[in-house]
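Engineer: Next comes the structure file final35.txt, holding compact mmCIF, C-alpha atoms.
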```
# COMPACT_ATOMS: atom_id res chain seq x y z
CA MET T 1 70.69 87.51 114.74
CA LEU T 2 67.86 89.33 116.46
CA ASP T 3 70.28 90.50 119.16
CA ALA T 4 72.58 91.95 116.48
CA ILE T 5 69.70 93.75 114.80
CA ALA T 6 68.49 95.13 118.14
CA ALA T 7 72.02 96.27 119.04
CA ILE T 8 72.40 98.41 115.93
CA GLY T 9 69.12 100.20 116.60
CA ASP T 10 68.43 102.89 114.02
CA ALA T 11 71.71 102.46 112.13
CA PRO T 12 71.12 101.81 108.41
CA ALA T 13 70.64 98.08 107.77
CA ALA T 14 69.50 95.85 104.94
CA VAL T 15 68.99 92.17 104.28
CA VAL T 16 70.64 90.96 101.07
CA THR T 17 69.58 87.48 100.05
CA SER T 18 69.75 85.14 97.09
CA ALA T 19 66.16 84.16 97.82
CA THR T 20 63.22 85.47 95.82
CA HIS T 21 61.20 88.36 97.22
CA GLU T 22 58.34 86.12 98.32
CA LEU T 23 60.58 83.52 99.96
CA ALA T 24 62.56 86.26 101.73
CA ARG T 25 59.35 87.86 103.01
CA VAL T 26 58.14 84.55 104.44
CA ARG T 27 61.50 83.63 106.02
CA LEU T 28 62.05 87.09 107.55
CA ALA T 29 58.53 87.13 108.98
CA ALA T 30 58.98 83.64 110.45
CA ALA T 31 62.24 84.73 112.07
CA GLY T 32 60.72 87.94 113.41
CA ILE T 33 63.11 90.13 111.45
CA GLY T 34 61.62 93.47 110.50
CA ILE T 35 64.15 95.31 108.34
CA ALA T 36 62.72 97.77 105.84
CA GLN T 37 65.40 97.40 103.18
CA VAL T 38 65.55 93.97 101.57
CA VAL T 39 67.43 93.18 98.36
CA THR T 40 66.50 89.85 96.78
CA PHE T 41 67.35 87.80 93.74
CA ASP T 42 64.44 89.53 92.00
CA ASP T 43 65.99 93.00 92.43
CA VAL T 44 69.24 92.49 90.48
CA GLU T 45 70.30 91.14 87.11
CA ARG T 46 73.39 89.48 88.55
CA GLY T 47 73.29 87.93 91.99
CA LYS T 48 76.06 86.74 94.26
CA PRO T 49 79.03 86.31 93.68
CA HIS T 50 78.64 89.55 91.71
CA PRO T 51 78.68 92.73 93.83
CA ASP T 52 75.33 93.99 92.47
CA PRO T 53 73.12 92.99 95.45
CA PHE T 54 75.39 94.70 97.99
CA LEU T 55 75.87 97.76 95.80
CA LEU T 56 72.09 98.11 95.49
CA ALA T 57 71.63 97.71 99.25
CA ALA T 58 74.21 100.42 99.95
CA GLN T 59 72.55 102.70 97.40
CA ARG T 60 69.12 102.17 98.97
CA LEU T 61 70.57 102.91 102.41
CA GLY T 62 72.34 106.02 101.13
CA VAL T 63 75.77 104.86 102.29
CA ASP T 64 79.08 104.13 100.62
CA PRO T 65 79.66 100.37 100.22
CA THR T 66 83.09 100.80 101.84
CA ASP T 67 81.24 101.88 105.00
CA CYS T 68 79.17 98.67 105.05
CA LEU T 69 79.67 95.58 107.16
CA VAL T 70 78.26 92.43 105.60
CA CYS T 71 77.47 89.34 107.68
CA GLU T 72 77.68 86.30 105.40
CA ASP T 73 77.66 82.53 105.65
CA ALA T 74 78.45 81.53 102.05
CA PRO T 75 81.58 81.87 99.91
CA SER T 76 79.62 83.49 97.05
CA GLY T 77 78.28 86.10 99.48
CA VAL T 78 81.76 86.82 100.85
CA ALA T 79 83.03 87.22 97.27
CA ALA T 80 80.14 89.53 96.37
CA ALA T 81 80.62 91.70 99.45
CA ARG T 82 84.35 91.93 98.85
CA ALA T 83 83.78 92.88 95.20
CA ALA T 84 81.42 95.64 96.37
CA GLY T 85 84.11 96.99 98.70
CA CYS T 86 82.38 96.01 101.95
CA SER T 87 83.93 94.67 105.13
CA VAL T 88 82.87 91.08 105.84
CA LEU T 89 82.05 89.18 109.01
CA ALA T 90 81.61 85.53 108.07
CA VAL T 91 79.70 82.96 110.10
CA THR T 92 80.46 79.25 109.73
CA THR T 93 76.85 78.10 109.81
CA THR T 94 76.91 76.68 106.27
CA SER T 95 80.58 76.79 105.22
CA THR T 96 83.98 76.04 106.71
CA PRO T 97 86.38 78.77 107.83
CA ASP T 98 88.65 77.92 104.88
CA GLU T 99 85.79 78.47 102.43
CA LEU T 100 85.09 81.87 104.02
CA GLY T 101 88.76 82.81 104.24
CA ASP T 102 88.50 86.13 102.40
CA ALA T 103 86.36 87.60 105.20
CA ASP T 104 87.80 90.13 107.65
CA LEU T 105 86.64 88.00 110.56
CA VAL T 106 85.27 84.46 110.70
CA VAL T 107 83.23 83.31 113.72
CA SER T 108 81.14 80.24 114.46
CA SER T 109 78.13 82.30 115.54
CA LEU T 110 76.96 85.89 115.82
CA ALA T 111 76.84 85.14 119.54
CA ASP T 112 80.66 85.26 119.43
CA VAL T 113 80.63 89.01 118.79
CA VAL T 114 78.98 92.14 120.12
CA PHE T 115 77.51 94.74 117.79
CA GLU T 116 77.47 98.33 118.99
CA VAL T 117 76.96 101.77 117.48
CA VAL T 118 79.81 104.20 118.08
CA ASP T 119 79.63 107.69 116.59
CA GLY T 120 76.84 106.56 114.27
CA ARG T 121 78.82 103.60 112.92
CA VAL T 122 78.36 99.92 113.70
CA ARG T 123 81.35 98.32 115.38
CA VAL T 124 81.94 94.63 116.10
CA ARG T 125 84.05 93.32 118.94
CA PRO T 126 84.61 89.86 120.40
CA ARG T 127 82.22 88.87 123.16
CA GLN T 128 84.00 88.57 126.50
CA PRO T 129 83.57 85.21 128.23
```
Could you rewrite the structure in this file as structure tokens?
Structural biologist:
Amino acid sequence: MLDAIAAIGDAPAAVVTSATHELARVRLAAAGIGIAQVVTFDDVERGKPHPDPFLLAAQRLGVDPTDCLVCEDAPSGVAAARAAGCSVLAVTTTSTPDELGDADLVVSSLADVVFEVVDGRVRVRPRQP
């Protein structure tokens, strides 16, 4: 995940989590993830699978949700991202590919793809062996 974050550089990014603010702060710090925009369970009335968390993240970033790529590992997150109009890259770290089937792309790990910024937009492509 840190490689993906580093690859997108200054492109707008947010963490959207079903965790509380305090738990998210602790987990992100432990993982060494320093993203300014974080949307937690505490920030919305309706969490995943409702689109509210992703809509709020897009609003805070000043971007249209249809221009957002969401990386998710849970069916409720995929459903929420889809309902918000986002593209979805699903990772099978906690769910099976069938459970994440509504995603645009399902991979076993973020190491399977390369993130790059092209013309100010984040693009994802398969990692070459």
Engineer: Looking at only C-alpha atoms, which of T:Ala80, T:Ala6, T:Ala29, T:Leu56 is the one that sits closest to Leu100 of chain T?
Structural biologist: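 Distance minimum relative to Leu100 of chain T lands on T:Ala80.
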Engineer: Within 8 Å of Val124 of chain T, counting only C-alpha atoms, which residues show up once you throw out same-chain ones fewer than 5 positions away? Write them as an MDAnalysis selection string, please.
Structural biologist: chainID T and resid 113:116
Engineer: Which one of T:Ile33, T:Leu23, T:Val63, T:Ala57 sits closest to Ala4 of chain T if you count only C-alpha atoms?
Structural biologist: T:Ile33
Engineer: When you draw a straight line from atom CA of Ser95 of chain T to atom CA of Val15 of chain T, how long is it in Å?
Structural biologist: 19.3 Å
Engineer: Env of Thr93 of chain T: 10 Å cut, atoms = all atoms listed in the file, seq-sep filter 3 positions within chain, self excluded. Answer as number ranges by chain.
Structural biologist: T: 72-74, 90, 96-97, 107-110
Engineer: Can you tell me, as a list of chain:residue names, which residues sit within 10 Å of (87.4, 99.6, 93.8) in the file's frame, using only C-alpha atoms?
Structural biologist: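 The distance filter leaves exactly T:Thr66, T:Arg82, T:Ala83, T:Ala84, T:Gly85.
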Engineer: So how far away is atom CA of Val106 of chain T from atom CA of Pro75 of chain T, in Å?
Structural biologist: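 Separation between atom CA of Pro75 of chain T and atom CA of Val106 of chain T: 11.7 Å.
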Engineer: Find the distance between atom CA of Arg60 of chain T and atom CA of Asp43 of chain T and write it in Å to one decimal.
Structural biologist: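 Interatomic distance, atom CA of Arg60 of chain T to atom CA of Asp43 of chain T: 11.7 Å.
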Engineer: Tell me which of T:Pro51, T:Ala111, T:Ala13, T:Pro126 sits closest to Val38 of chain T, counting all atoms listed in the file.
Structural biologist: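 Checking each of T:Pro51, T:Ala111, T:Ala13, T:Pro126 against Val38 of chain T, counting all atoms listed in the file, the winner is T:Ala13.
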Engineer: If you count only C-alpha atoms, which residues fall within 9 Å of Arg121 of chain T, apart from same-chain ones fewer than 5 positions away, as a list in words?
Structural biologist: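 Residues near the query, excluding close chain neighbours: Ile8, Ala11, Asp67 and Glu116 of chain T.
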Engineer: So that I can look at just that part, could you write segment 62-91 of chain T with N, CA and C atoms, as an mmCIF file, in the first residue's frame?
Structural biologist:
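Produced file result28.cif, reproduced below:
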```cif
data_model
loop_
_atom_site.group_PDB
_atom_site.id
_atom_site.type_symbol
_atom_site.label_atom_id
_atom_site.label_comp_id
_atom_site.auth_asym_id
_atom_site.auth_seq_id
_atom_site.Cartn_x
_atom_site.Cartn_y
_atom_site.Cartn_z
ATOM 1 N N GLY T 62 -12.385 17.716 -3.451
ATOM 2 C CA GLY T 62 -12.752 18.637 -4.519
ATOM 3 C C GLY T 62 -12.791 17.978 -5.886
ATOM 4 N N VAL T 63 -13.157 16.693 -5.915
ATOM 5 C CA VAL T 63 -13.229 15.964 -7.176
ATOM 6 C C VAL T 63 -14.596 15.307 -7.327
ATOM 7 N N ASP T 64 -14.953 15.023 -8.556
ATOM 8 C CA ASP T 64 -16.199 14.324 -8.846
ATOM 9 C C ASP T 64 -16.023 12.847 -8.470
ATOM 10 N N PRO T 65 -16.991 12.242 -7.794
ATOM 11 C CA PRO T 65 -16.851 10.823 -7.433
ATOM 12 C C PRO T 65 -16.611 9.917 -8.639
ATOM 13 N N THR T 66 -17.127 10.303 -9.806
ATOM 14 C CA THR T 66 -16.913 9.475 -11.001
ATOM 15 C C THR T 66 -15.463 9.520 -11.469
ATOM 16 N N ASP T 67 -14.673 10.443 -10.931
ATOM 17 C CA ASP T 67 -13.249 10.515 -11.239
ATOM 18 C C ASP T 67 -12.396 9.819 -10.178
ATOM 19 N N CYS T 68 -13.039 9.144 -9.231
ATOM 20 C CA CYS T 68 -12.320 8.505 -8.129
ATOM 21 C C CYS T 68 -12.120 7.017 -8.379
ATOM 22 N N LEU T 69 -10.956 6.530 -7.964
ATOM 23 C CA LEU T 69 -10.675 5.104 -7.940
ATOM 24 C C LEU T 69 -10.620 4.681 -6.482
ATOM 25 N N VAL T 70 -11.437 3.726 -6.125
ATOM 26 C CA VAL T 70 -11.484 3.210 -4.759
ATOM 27 C C VAL T 70 -10.803 1.849 -4.731
ATOM 28 N N CYS T 71 -9.908 1.658 -3.772
ATOM 29 C CA CYS T 71 -9.303 0.347 -3.516
ATOM 30 C C CYS T 71 -10.008 -0.221 -2.296
ATOM 31 N N GLU T 72 -10.637 -1.372 -2.457
ATOM 32 C CA GLU T 72 -11.468 -1.962 -1.404
ATOM 33 C C GLU T 72 -11.168 -3.430 -1.221
ATOM 34 N N ASP T 73 -11.460 -3.933 -0.021
ATOM 35 C CA ASP T 73 -11.280 -5.359 0.244
ATOM 36 C C ASP T 73 -12.536 -6.014 0.804
ATOM 37 N N ALA T 74 -13.641 -5.271 0.870
ATOM 38 C CA ALA T 74 -14.868 -5.807 1.462
ATOM 39 C C ALA T 74 -16.061 -5.550 0.536
ATOM 40 N N PRO T 75 -16.988 -6.511 0.484
ATOM 41 C CA PRO T 75 -18.163 -6.332 -0.359
ATOM 42 C C PRO T 75 -18.956 -5.058 -0.048
ATOM 43 N N SER T 76 -19.092 -4.701 1.228
ATOM 44 C CA SER T 76 -19.844 -3.488 1.568
ATOM 45 C C SER T 76 -19.130 -2.237 1.055
ATOM 46 N N GLY T 77 -17.811 -2.258 1.040
ATOM 47 C CA GLY T 77 -17.056 -1.138 0.500
ATOM 48 C C GLY T 77 -17.179 -1.034 -1.009
ATOM 49 N N VAL T 78 -17.155 -2.189 -1.684
ATOM 50 C CA VAL T 78 -17.352 -2.199 -3.139
ATOM 51 C C VAL T 78 -18.732 -1.650 -3.462
ATOM 52 N N ALA T 79 -19.750 -2.095 -2.726
ATOM 53 C CA ALA T 79 -21.117 -1.618 -2.956
ATOM 54 C C ALA T 79 -21.223 -0.112 -2.724
ATOM 55 N N ALA T 80 -20.588 0.383 -1.664
ATOM 56 C CA ALA T 80 -20.630 1.810 -1.349
ATOM 57 C C ALA T 80 -19.940 2.630 -2.434
ATOM 58 N N ALA T 81 -18.783 2.174 -2.875
ATOM 59 C CA ALA T 81 -18.048 2.891 -3.924
ATOM 60 C C ALA T 81 -18.835 2.916 -5.217
ATOM 61 N N ARG T 82 -19.413 1.791 -5.567
ATOM 62 C CA ARG T 82 -20.237 1.707 -6.779
ATOM 63 C C ARG T 82 -21.427 2.667 -6.677
ATOM 64 N N ALA T 83 -22.089 2.672 -5.531
ATOM 65 C CA ALA T 83 -23.252 3.547 -5.337
ATOM 66 C C ALA T 83 -22.860 5.019 -5.423
ATOM 67 N N ALA T 84 -21.615 5.336 -5.084
ATOM 68 C CA ALA T 84 -21.128 6.712 -5.173
ATOM 69 C C ALA T 84 -20.705 7.074 -6.592
ATOM 70 N N GLY T 85 -20.605 6.078 -7.470
ATOM 71 C CA GLY T 85 -20.215 6.332 -8.850
ATOM 72 C C GLY T 85 -18.727 6.182 -9.110
ATOM 73 N N CYS T 86 -17.996 5.624 -8.154
ATOM 74 C CA CYS T 86 -16.542 5.478 -8.272
ATOM 75 C C CYS T 86 -16.170 4.203 -9.023
ATOM 76 N N SER T 87 -14.988 4.207 -9.616
ATOM 77 C CA SER T 87 -14.388 2.985 -10.140
ATOM 78 C C SER T 87 -13.806 2.228 -8.954
ATOM 79 N N VAL T 88 -13.748 0.881 -9.074
ATOM 80 C CA VAL T 88 -13.320 0.084 -7.921
ATOM 81 C C VAL T 88 -12.273 -0.944 -8.314
ATOM 82 N N LEU T 89 -11.171 -0.916 -7.573
ATOM 83 C CA LEU T 89 -10.136 -1.940 -7.625
ATOM 84 C C LEU T 89 -10.271 -2.728 -6.327
ATOM 85 N N ALA T 90 -10.618 -3.994 -6.440
ATOM 86 C CA ALA T 90 -10.822 -4.808 -5.234
ATOM 87 C C ALA T 90 -9.623 -5.722 -5.005
ATOM 88 N N VAL T 91 -9.305 -5.902 -3.730
ATOM 89 C CA VAL T 91 -8.180 -6.738 -3.314
ATOM 90 C C VAL T 91 -8.732 -7.873 -2.454
#
```
